[in-house]
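Listing of upload-v2.cif; format and content: mmCIF, C-alpha atoms.
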```cif
data_protein
loop_
_atom_site.group_PDB
_atom_site.id
_atom_site.type_symbol
_atom_site.label_atom_id
_atom_site.label_comp_id
_atom_site.auth_asym_id
_atom_site.auth_seq_id
_atom_site.Cartn_x
_atom_site.Cartn_y
_atom_site.Cartn_z
ATOM 1 C CA ARG S 50 33.035 -22.462 -8.696
ATOM 2 C CA THR S 51 30.921 -19.351 -8.557
ATOM 3 C CA ASN S 52 29.553 -16.902 -11.052
ATOM 4 C CA THR S 53 27.568 -13.766 -10.274
ATOM 5 C CA ASN S 54 26.791 -12.883 -13.883
ATOM 6 C CA VAL S 55 23.217 -13.654 -14.921
ATOM 7 C CA ARG S 56 24.027 -14.115 -18.590
ATOM 8 C CA ASN S 57 26.772 -16.641 -17.864
ATOM 9 C CA ALA S 58 24.518 -18.523 -15.459
ATOM 10 C CA ASN S 59 21.903 -18.890 -18.178
ATOM 11 C CA ILE S 60 24.577 -20.108 -20.625
ATOM 12 C CA PHE S 61 25.564 -22.752 -18.065
ATOM 13 C CA LEU S 62 21.927 -23.821 -17.807
ATOM 14 C CA ASN S 63 21.617 -24.160 -21.572
ATOM 15 C CA LEU S 64 24.589 -26.534 -21.685
ATOM 16 C CA THR S 65 22.571 -29.341 -20.084
ATOM 17 C CA ASN S 66 19.298 -30.952 -21.071
ATOM 18 C CA ASP S 67 18.598 -32.161 -17.547
ATOM 19 C CA ASN S 68 16.181 -30.524 -15.158
ATOM 20 C CA MET S 69 18.379 -28.834 -12.549
ATOM 21 C CA ASN S 70 17.784 -27.931 -8.923
ATOM 22 C CA LEU S 71 17.585 -24.162 -8.542
ATOM 23 C CA PHE S 72 18.074 -23.088 -4.913
ATOM 24 C CA ILE S 73 16.559 -19.676 -4.214
ATOM 25 C CA ASP S 74 16.010 -17.015 -1.600
ATOM 26 C CA ILE S 75 14.682 -13.462 -1.806
ATOM 27 C CA GLU S 76 15.072 -10.322 0.282
ATOM 28 C CA THR S 77 12.329 -7.719 0.302
ATOM 29 C CA ILE S 78 12.005 -4.078 1.285
ATOM 30 C CA GLN S 79 9.203 -1.583 1.628
ATOM 31 C CA ASP S 80 7.776 -0.321 -1.660
ATOM 32 C CA GLU S 81 9.032 3.260 -1.990
ATOM 33 C CA SER S 82 5.948 4.267 -3.968
ATOM 34 C CA MET S 83 3.800 4.091 -0.843
ATOM 35 C CA THR S 84 2.975 7.273 1.061
ATOM 36 C CA GLN S 85 3.536 7.504 4.796
ATOM 37 C CA GLU S 86 -0.239 7.565 5.286
ATOM 38 C CA GLN S 87 -0.577 4.277 3.377
ATOM 39 C CA ILE S 88 2.258 2.743 5.393
ATOM 40 C CA ASP S 89 0.714 3.756 8.716
ATOM 41 C CA GLU S 90 -2.700 2.460 7.673
ATOM 42 C CA ALA S 91 -1.265 -0.849 6.445
ATOM 43 C CA ARG S 92 0.752 -1.341 9.626
ATOM 44 C CA GLU S 93 -2.332 -0.711 11.735
ATOM 45 C CA LEU S 94 -4.493 -3.133 9.751
ATOM 46 C CA ARG S 95 -1.965 -5.933 9.208
ATOM 47 C CA LYS S 96 0.261 -5.441 12.276
ATOM 48 C CA GLU S 97 2.876 -8.241 12.552
ATOM 49 C CA GLN S 98 2.100 -9.507 9.024
ATOM 50 C CA TYR S 99 2.987 -6.188 7.393
ATOM 51 C CA ASP S 100 6.678 -6.928 6.762
ATOM 52 C CA PHE S 101 5.828 -10.009 4.691
ATOM 53 C CA LEU S 102 3.137 -8.631 2.389
ATOM 54 C CA PRO S 103 3.865 -8.158 -1.357
ATOM 55 C CA GLU S 104 1.134 -5.534 -1.615
ATOM 56 C CA TYR S 105 3.320 -3.158 0.412
ATOM 57 C CA HIS S 106 6.819 -4.435 -0.342
ATOM 58 C CA ARG S 107 9.006 -5.199 -3.349
ATOM 59 C CA ILE S 108 11.848 -7.604 -4.071
ATOM 60 C CA LEU S 109 15.305 -6.131 -3.579
ATOM 61 C CA CYS S 110 17.276 -9.187 -4.705
ATOM 62 C CA ILE S 111 16.928 -12.845 -5.655
ATOM 63 C CA SER S 112 19.777 -15.255 -5.029
ATOM 64 C CA ALA S 113 19.675 -18.352 -7.223
ATOM 65 C CA TRP S 114 22.202 -21.198 -7.206
ATOM 66 C CA TYR S 115 22.356 -23.961 -9.788
ATOM 67 C CA ILE S 116 23.910 -27.207 -8.573
ATOM 68 C CA ASN S 117 25.387 -29.597 -11.141
ATOM 69 C CA GLU S 118 26.136 -33.303 -10.770
ATOM 70 C CA ASN S 119 29.475 -32.544 -9.076
ATOM 71 C CA TRP S 120 27.835 -30.275 -6.479
ATOM 72 C CA GLU S 121 29.485 -27.252 -8.058
ATOM 73 C CA SER S 122 27.404 -24.107 -7.900
ATOM 74 C CA VAL S 123 26.764 -21.245 -10.266
ATOM 75 C CA ILE S 124 25.569 -18.229 -8.304
ATOM 76 C CA THR S 125 23.260 -15.600 -9.688
ATOM 77 C CA VAL S 126 22.248 -12.547 -7.685
ATOM 78 C CA LEU S 127 19.581 -10.528 -9.470
ATOM 79 C CA THR S 128 19.597 -6.919 -8.309
ATOM 80 C CA TRP S 129 18.188 -4.713 -11.091
ATOM 81 C CA SER S 130 14.811 -3.048 -11.256
ATOM 82 C CA GLU S 131 12.222 -5.397 -9.807
ATOM 83 C CA LYS S 132 10.419 -5.930 -13.116
ATOM 84 C CA THR S 133 13.629 -6.794 -14.991
ATOM 85 C CA MET S 134 14.770 -9.018 -12.140
ATOM 86 C CA ILE S 135 11.616 -11.108 -11.965
ATOM 87 C CA GLU S 136 11.471 -11.355 -15.768
ATOM 88 C CA GLU S 137 14.951 -12.918 -15.690
ATOM 89 C CA PHE S 138 13.902 -15.177 -12.846
ATOM 90 C CA TYR S 139 10.866 -16.232 -14.896
ATOM 91 C CA LYS S 140 13.231 -17.682 -17.519
ATOM 92 C CA MET S 141 15.068 -19.668 -14.856
ATOM 93 C CA VAL S 142 12.069 -21.330 -13.205
ATOM 94 C CA LYS S 143 10.212 -22.554 -16.288
ATOM 95 C CA THR S 144 12.153 -25.821 -16.682
ATOM 96 C CA ASN S 145 13.855 -26.341 -13.320
ATOM 97 C CA THR S 146 13.021 -27.690 -9.882
ATOM 98 C CA ILE S 147 12.864 -24.862 -7.340
ATOM 99 C CA VAL S 148 14.366 -25.632 -3.936
ATOM 100 C CA GLY S 149 14.323 -23.467 -0.831
ATOM 101 C CA PHE S 150 13.308 -23.162 2.796
ATOM 102 C CA ASN S 151 9.681 -22.101 3.336
ATOM 103 C CA ILE S 152 9.449 -21.054 -0.307
ATOM 104 C CA THR S 153 5.832 -22.201 -0.622
ATOM 105 C CA GLY S 154 4.967 -20.127 2.431
ATOM 106 C CA PHE S 155 6.805 -16.950 1.454
ATOM 107 C CA ASP S 156 9.224 -16.669 -1.495
ATOM 108 C CA ILE S 157 7.097 -18.170 -4.274
ATOM 109 C CA PRO S 158 3.798 -16.460 -3.327
ATOM 110 C CA PHE S 159 5.665 -13.169 -2.979
ATOM 111 C CA ILE S 160 7.327 -13.486 -6.389
ATOM 112 C CA VAL S 161 4.074 -14.568 -8.057
ATOM 113 C CA LYS S 162 2.167 -11.592 -6.648
ATOM 114 C CA ARG S 163 4.887 -9.199 -7.774
ATOM 115 C CA TRP S 164 4.538 -10.752 -11.242
ATOM 116 C CA LEU S 165 0.861 -9.831 -11.051
ATOM 117 C CA TYR S 166 1.777 -6.281 -10.033
ATOM 118 C CA HIS S 167 3.960 -5.935 -13.148
ATOM 119 C CA TRP S 168 1.397 -7.643 -15.421
ATOM 120 C CA ILE S 169 3.601 -10.679 -16.037
ATOM 121 C CA ARG S 170 1.818 -13.955 -16.759
ATOM 122 C CA VAL S 171 2.325 -16.555 -14.048
ATOM 123 C CA PRO S 172 3.906 -19.840 -15.242
ATOM 124 C CA ASN S 173 1.812 -22.923 -14.524
ATOM 125 C CA ALA S 174 4.735 -24.452 -12.653
ATOM 126 C CA LEU S 175 4.392 -21.920 -9.849
ATOM 127 C CA LYS S 176 0.633 -21.943 -9.404
ATOM 128 C CA THR S 177 0.714 -23.448 -5.922
ATOM 129 C CA PHE S 178 -2.898 -22.756 -4.942
ATOM 130 C CA TRP S 179 -5.229 -25.778 -4.828
ATOM 131 C CA LYS S 180 -2.202 -28.065 -4.996
ATOM 132 C CA LYS S 181 -1.362 -30.620 -2.349
ATOM 133 C CA PRO S 182 2.327 -30.748 -1.309
ATOM 134 C CA TRP S 183 2.939 -33.988 -3.224
ATOM 135 C CA GLU S 184 1.487 -32.468 -6.379
ATOM 136 C CA MET S 185 4.187 -29.778 -6.503
ATOM 137 C CA THR S 186 6.645 -31.966 -8.381
ATOM 138 C CA ASN S 187 8.773 -29.023 -9.509
ATOM 139 C CA ILE S 188 9.105 -27.511 -6.009
ATOM 140 C CA ILE S 189 11.043 -28.828 -3.011
ATOM 141 C CA ASP S 190 10.301 -26.866 0.141
ATOM 142 C CA LEU S 191 12.736 -28.040 2.795
ATOM 143 C CA TYR S 192 10.582 -26.485 5.505
ATOM 144 C CA THR S 193 7.649 -28.808 4.784
ATOM 145 C CA THR S 194 9.932 -31.720 3.897
ATOM 146 C CA TYR S 195 11.773 -31.499 7.208
ATOM 147 C CA LYS S 196 8.503 -31.002 9.119
ATOM 148 C CA MET S 197 7.217 -34.365 7.825
ATOM 149 C CA THR S 198 3.753 -34.898 9.372
ATOM 150 C CA SER S 199 4.345 -32.840 12.498
ATOM 151 C CA TYR S 200 2.507 -29.566 13.094
ATOM 152 C CA ASN S 201 5.484 -27.246 12.819
ATOM 153 C CA SER S 202 9.134 -27.035 11.866
ATOM 154 C CA GLY S 203 12.099 -25.029 13.056
ATOM 155 C CA SER S 204 13.541 -22.003 11.301
ATOM 156 C CA LEU S 205 16.388 -22.410 8.824
ATOM 157 C CA ASP S 206 18.775 -21.302 11.560
ATOM 158 C CA THR S 207 17.402 -23.936 13.963
ATOM 159 C CA VAL S 208 17.566 -26.716 11.377
ATOM 160 C CA CYS S 209 21.139 -25.747 10.409
ATOM 161 C CA LYS S 210 22.310 -25.947 14.007
ATOM 162 C CA PHE S 211 20.448 -29.207 14.582
ATOM 163 C CA LEU S 212 22.103 -30.793 11.543
ATOM 164 C CA TRP S 213 25.536 -29.326 12.350
ATOM 165 C CA VAL S 214 25.819 -27.172 9.248
ATOM 166 C CA LYS S 215 26.828 -23.520 9.074
ATOM 167 C CA SER S 216 23.914 -21.122 9.476
ATOM 168 C CA SER S 217 23.565 -17.879 7.544
ATOM 169 C CA LYS S 218 22.653 -16.297 10.879
ATOM 170 C CA ASP S 219 26.146 -16.973 12.240
ATOM 171 C CA GLU S 220 27.012 -13.554 10.820
ATOM 172 C CA TRP S 221 25.610 -10.333 12.284
ATOM 173 C CA ILE S 222 22.609 -9.967 9.940
ATOM 174 C CA ASP S 223 19.137 -11.494 9.990
ATOM 175 C CA TRP S 224 15.950 -10.728 8.038
ATOM 176 C CA SER S 225 14.757 -8.136 10.561
ATOM 177 C CA MET S 226 17.714 -5.885 9.650
ATOM 178 C CA VAL S 227 17.189 -5.833 5.868
ATOM 179 C CA GLN S 228 15.074 -2.682 5.730
ATOM 180 C CA TRP S 229 17.438 -0.830 8.064
ATOM 181 C CA LEU S 230 20.459 -1.861 5.976
ATOM 182 C CA HIS S 231 18.742 -0.674 2.814
ATOM 183 C CA ASN S 232 17.967 2.666 4.451
ATOM 184 C CA GLN S 233 21.684 2.953 5.313
ATOM 185 C CA TRP S 234 22.709 2.346 1.674
ATOM 186 C CA MET S 235 24.168 -1.058 2.593
ATOM 187 C CA ASP S 236 22.531 -3.178 -0.103
ATOM 188 C CA ASN S 237 25.731 -5.145 -0.728
ATOM 189 C CA GLU S 238 25.475 -6.508 2.808
ATOM 190 C CA ILE S 239 21.930 -7.642 2.009
ATOM 191 C CA TYR S 240 23.060 -9.377 -1.187
ATOM 192 C CA GLU S 241 25.732 -11.278 0.736
ATOM 193 C CA TYR S 242 23.232 -12.233 3.428
ATOM 194 C CA CYS S 243 20.833 -13.523 0.761
ATOM 195 C CA LYS S 244 23.621 -15.641 -0.731
ATOM 196 C CA ARG S 245 24.467 -17.056 2.708
ATOM 197 C CA ASP S 246 20.830 -18.073 3.166
ATOM 198 C CA VAL S 247 20.945 -20.071 -0.068
ATOM 199 C CA ARG S 248 24.302 -21.600 0.845
ATOM 200 C CA ALA S 249 22.805 -22.755 4.156
ATOM 201 C CA THR S 250 19.779 -24.172 2.334
ATOM 202 C CA ILE S 251 22.051 -26.142 0.006
ATOM 203 C CA ASP S 252 24.016 -27.522 2.957
ATOM 204 C CA VAL S 253 20.790 -28.631 4.670
ATOM 205 C CA TYR S 254 19.623 -30.276 1.448
ATOM 206 C CA LYS S 255 22.945 -32.095 1.020
ATOM 207 C CA ARG S 256 22.884 -33.335 4.625
ATOM 208 C CA LEU S 257 19.330 -34.656 4.242
ATOM 209 C CA VAL S 258 20.314 -36.420 1.007
ATOM 210 C CA GLU S 259 23.390 -37.940 2.663
ATOM 211 C CA LEU S 260 21.238 -39.283 5.494
ATOM 212 C CA ASN S 261 18.632 -40.739 3.096
ATOM 213 C CA PHE S 262 15.956 -38.358 4.389
ATOM 214 C CA ILE S 263 15.089 -37.183 0.882
#
```
Represent the structure from my file as structure tokens, please.
Amino acid sequence: RTNTNVRNANIFLNLTNDNMNLFIDIETIQDESMTQEQIDEARELRKEQYDFLPEYHRILCISAWYINENWESVITVLTWSEKTMIEEFYKMVKTNTIVGFNITGFDIPFIVKRWLYHWIRVPNALKTFWKKPWEMTNIIDLYTTYKMTSYNSGSLDTVCKFLWVKSSKDEWIDWSMVQWLHNQWMDNEIYEYCKRDVRATIDVYKRLVELNFI
């Protein structure tokens, strides 16, 4: 069961008193307010990190999936103005457990810093600084969970293939193509890619639960 309407997804959430797992992923693009001179300077200073910095980029879409006790999902893809989008997302995260792949390394810090940009107060639940991994009781980062105590972990694509679940990268798009697709007016392709990333994350989570890993 799927639903791409934000209002209906929030109604579904309000029907239960239980804390729900909210699986998320974001896609980002270059902030159009930047001048070419600023872009060139930022690229020179930050080099390979540039594409991941919220100071120079904005959120194009957030894909959020609620999973109920029957493993049915309610899909929400937020695609409005960035400020409106992250205000809606704010309502979703306040009482739910956030689940994703490398969300403490990228998605959550990016969203939080874009909240700062729009002068939106940061909820205590997503203040990840100074917290040890086991203190983030409302966040499940499958990247760090799967890594265990080793020094590094594979990408979502690598973990999917290792666990024999369908990868979002089985299609023709990966993160490196998002900006190009946006420039070609192909945002719908990006939205679908973002949804596939969350679907893959859910499948990894389910497999790890089935195998008593988490």
- Query: Please, what distance in Å, to one decimal, runs between CA of Trp179 (chain S) and CA of Glu137 (chain S)?
  - Reply: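 So the answer is 26.3 Å.
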### Selection dump of the PyMOL selection byres ((chain S and resi 114) around 8), as a PyMOL selection string
chain S and resi 71-73+112-113+115-116+122-125+247
Can I get the selection written as a PDB file, in the frame of the given file, with C-alpha atoms?
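Printed below is selection_7.pdb as written:
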```pdb
ATOM      1  CA  LEU S  71      17.585 -24.162  -8.542  1.00  0.00           C
ATOM      2  CA  PHE S  72      18.074 -23.088  -4.913  1.00  0.00           C
ATOM      3  CA  ILE S  73      16.559 -19.676  -4.214  1.00  0.00           C
ATOM      4  CA  SER S 112      19.777 -15.255  -5.029  1.00  0.00           C
ATOM      5  CA  ALA S 113      19.675 -18.352  -7.223  1.00  0.00           C
ATOM      6  CA  TYR S 115      22.356 -23.961  -9.788  1.00  0.00           C
ATOM      7  CA  ILE S 116      23.910 -27.207  -8.573  1.00  0.00           C
ATOM      8  CA  SER S 122      27.404 -24.107  -7.900  1.00  0.00           C
ATOM      9  CA  VAL S 123      26.764 -21.245 -10.266  1.00  0.00           C
ATOM     10  CA  ILE S 124      25.569 -18.229  -8.304  1.00  0.00           C
ATOM     11  CA  THR S 125      23.260 -15.600  -9.688  1.00  0.00           C
ATOM     12  CA  VAL S 247      20.945 -20.071  -0.068  1.00  0.00           C
TER      13      VAL S 247
END
```
*Selection result of the PyMOL selection byres ((chain S and resi 107) around 6) on this file, as a list in words*: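 When the PyMOL selection byres ((chain S and resi 107) around 6) is applied, the selected residues are Thr77, Ile78, Asp80, His106 and Ile108 of chain S.
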Up to 9 Å from (14.7, -8.1, 6.0) in the file's coordinates: name the residues, counting all atoms listed in the file, as a short mmCIF file (atom, residue, chain, number, x, y, z; two decimals) with C-alpha atoms, in the coordinates of the input.
```
data_model
loop_
_atom_site.label_atom_id
_atom_site.label_comp_id
_atom_site.auth_asym_id
_atom_site.auth_seq_id
_atom_site.Cartn_x
_atom_site.Cartn_y
_atom_site.Cartn_z
CA GLU S 76 15.07 -10.32 0.28
CA THR S 77 12.33 -7.72 0.30
CA ILE S 78 12.00 -4.08 1.28
CA ASP S 100 6.68 -6.93 6.76
CA ASP S 223 19.14 -11.49 9.99
CA TRP S 224 15.95 -10.73 8.04
CA SER S 225 14.76 -8.14 10.56
CA MET S 226 17.71 -5.88 9.65
CA VAL S 227 17.19 -5.83 5.87
CA GLN S 228 15.07 -2.68 5.73
CA TRP S 229 17.44 -0.83 8.06
CA LEU S 230 20.46 -1.86 5.98
CA ILE S 239 21.93 -7.64 2.01
#
```
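Here CA of Leu191 (chain S) is placed at a distance of 4.9 Å from CA of Phe150 (chain S).
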With distances taken over all atoms listed in the file, the candidate from S:Tyr192, S:Tyr200, S:Trp234, S:Tyr99 nearest Val148 (chain S) is S:Tyr192
Need the neighbours of (20.5, -8.5, -1.1): which residues are at most 9 Å away, counting only C-alpha atoms, as a PDB file with C-alpha atoms, keeping the file's coordinate frame?
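Wrote it out as result-v1.pdb, contents follow:
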```
ATOM      1  CA  ILE S  75      14.682 -13.462  -1.806  1.00  0.00           C
ATOM      2  CA  GLU S  76      15.072 -10.322   0.282  1.00  0.00           C
ATOM      3  CA  THR S  77      12.329  -7.719   0.302  1.00  0.00           C
ATOM      4  CA  LEU S 109      15.305  -6.131  -3.579  1.00  0.00           C
ATOM      5  CA  CYS S 110      17.276  -9.187  -4.705  1.00  0.00           C
ATOM      6  CA  ILE S 111      16.928 -12.845  -5.655  1.00  0.00           C
ATOM      7  CA  SER S 112      19.777 -15.255  -5.029  1.00  0.00           C
ATOM      8  CA  VAL S 126      22.248 -12.547  -7.685  1.00  0.00           C
ATOM      9  CA  LEU S 127      19.581 -10.528  -9.470  1.00  0.00           C
ATOM     10  CA  THR S 128      19.597  -6.919  -8.309  1.00  0.00           C
ATOM     11  CA  VAL S 227      17.189  -5.833   5.868  1.00  0.00           C
ATOM     12  CA  HIS S 231      18.742  -0.674   2.814  1.00  0.00           C
ATOM     13  CA  ASP S 236      22.531  -3.178  -0.103  1.00  0.00           C
ATOM     14  CA  ASN S 237      25.731  -5.145  -0.728  1.00  0.00           C
ATOM     15  CA  GLU S 238      25.475  -6.508   2.808  1.00  0.00           C
ATOM     16  CA  ILE S 239      21.930  -7.642   2.009  1.00  0.00           C
ATOM     17  CA  TYR S 240      23.060  -9.377  -1.187  1.00  0.00           C
ATOM     18  CA  GLU S 241      25.732 -11.278   0.736  1.00  0.00           C
ATOM     19  CA  TYR S 242      23.232 -12.233   3.428  1.00  0.00           C
ATOM     20  CA  CYS S 243      20.833 -13.523   0.761  1.00  0.00           C
ATOM     21  CA  LYS S 244      23.621 -15.641  -0.731  1.00  0.00           C
TER      22      LYS S 244
END
```
Shortest contact to Asp74 (chain S), candidates S:Ala249, S:Ala91, S:Leu165, S:Met197, atoms counted all atoms listed in the file, goes to S:Ala249
Handout entry: Contacts of Ala174 (chain S) at 9 Å (all atoms listed in the file; same-chain gap of 3+ positions) as a ChimeraX atom specification
Key = /S:142-144,171,177,185-188
Applying 10 Å and all atoms listed in the file, which residues near Asp219 (chain S) remain after dropping the ones on its own chain fewer than 4 positions away? List them as number ranges by chain. S: 206, 210, 215, 223, 245
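This file, filtered with the PyMOL selection byres ((chain S and resi 255) around 12), gives the residues Asn70, Phe72, Ile116, Trp120, Val148, Leu191, Cys209, Leu212, Trp213, Val214, Arg248, Ala249, Thr250, Ile251, Asp252, Val253, Tyr254, Arg256, Leu257, Val258, Glu259, Leu260, Asn261, Phe262 and Ile263 of chain S.
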